[in-house]
Amino acid sequence: MDSVRSDGAGTGARLPLALKILVAGGFGAGKTTLVSALSEVRPLQTEEVLTGAGVGTDDLSGVETKSTTTVAMDFGRITINDDLQLYLFGTPGQDRFWFLWDELAFGALGAVVLADTRRLADCFPSIDYFEQRGIPFVVGVNCFDGARRFDLETVRRALDLDPDVPLVLCDARDRQSGKQVLISLVEHVARQRGEPVPAA
Amino acid sequence: MLADPSPGPHEWLDADAGPVVRPYTLTGGRVRPAGDAFDLVAFVLAGRDVDAADPWLAPEHRRLVELAHRPVPVAELAAELDLAVGVVRVLLGDLLARGLVAVHEPPAVAARPHDDILKAVVSGLRAL
């Protein structure tokens, strides 16, 4: 495996390869829950700051009139081995924070879109986003307590998903279930390249 | 800290958006690092030891160097320090300029890892 890099500074430290996976979906679809269930570190939130016009300048003047606010992004880590780590990033839920998605999506391996069958339309923008950018994704139908159980084919039709996009049922609170969603994503990425990962 | 007496309602500010803060006080108002922007999963690694007497370094700078004695990604540093990613990037830019840390951007292969890496991820996930 060639995932190990030297730090190039002669200190001998080995840098793991970090793969980025996004967890998207509508507000309240279970993104935070899924990231927390999968992460080996305590649920971490990292915040991105939004400022008004003038971002990108180093000019001190005007700063005092800029409004700043924070957008929390959930963030989790899964260590595969010493040389390989997965980083999960929950995307900000509100549409007006789309511009943050571009940064999150840059260099991402793929994405999980969580769907809540009670509010299926909420995940349409996420699906559109990844489709338009050619980022591989799977859709996880989060089975909430009390939510009507939908037939997967019905959900697939309602989402107008391409036939090759995996659609899986999951319970965002359950680590094993979340793991299966990630596995279907990685297998999907491999399939897209014509290099299927053999079943264990 | 006092809220900005804004001239009118601001499109970003409401209950969903979270509290109004002044995180860039720490960076002296700078909103971008001096050099490149750092990826969320770029690894930061401390270089030489920090001069304990260096008056230029803020406690946050020192803490970043401490944490980076093993390779740590930018997002994890922000979470550890409980600071916005944007603020941490500016502070890292300072440290980079002074040679106190090295920042390693993710290699292109991270977005399109080879088949053997994908296999390792799947078997690693199955084994969790």
# chains A, B, ... in the order shown; residues from 1 in each chain; ligands from 1
call {"tool": "residues_around", "arguments": {"residues": "Pro125 of chain A", "least_positions_apart": "6", "cutoff": "10 Å", "atoms": "only C-alpha atoms", "output": "list in words"}}
result
Ala24, Gly25, Gly26, Asp95, Trp98 and Glu131 of chain A
call {"tool": "residues_around", "arguments": {"residues": "Trp101 of chain A", "least_positions_apart": "4", "cutoff": "10 Å", "atoms": "only C-alpha atoms", "output": "ChimeraX atom specification"}}
result
/A:22,24,90-92,95,97,105-106,126,129
call {"tool": "residues_around", "arguments": {"residues": "segment 95-99 of chain B", "least_positions_apart": "5", "cutoff": "8 Å", "atoms": "only C-alpha atoms", "output": "VMD selection string"}}
result
chain B and resid 47 to 48 61
call {"tool": "closest_residue", "arguments": {"among": "B:Asp82, B:Leu91, B:Glu66, B:Leu100", "to": "chain A", "atoms": "only C-alpha atoms"}}
result
B:Asp82
call {"tool": "select_by_dssp", "arguments": {"residues": "segment 64-114 of chain B", "states": "strand (DSSP E or B)", "output": "list in words"}}
result
Val72, Pro73, Ala84, Val101, Ala102, Val103 and His104 of chain B
call {"tool": "atom_distance", "arguments": {"atom1": "atom CA of Val49 of chain A", "atom2": "atom CA of Val85 of chain B"}}
result
7.3 Å
call {"tool": "residues_around", "arguments": {"residues": "Lys119 of chain B", "least_positions_apart": "2", "cutoff": "9 Å", "atoms": "only C-alpha atoms", "output": "VMD selection string"}}
result
(chain A and resid 186 to 187 190 197 to 198) or (chain B and resid 114 to 117 121 to 124)
call {"tool": "atom_distance", "arguments": {"atom1": "atom CA of Phe43 of chain B", "atom2": "atom CA of Pro16 of chain A"}}
result
8.7 Å
call {"tool": "atom_distance", "arguments": {"atom1": "atom CA of Glu153 of chain A", "atom2": "atom CA of Val168 of chain A"}}
result
10.6 Å
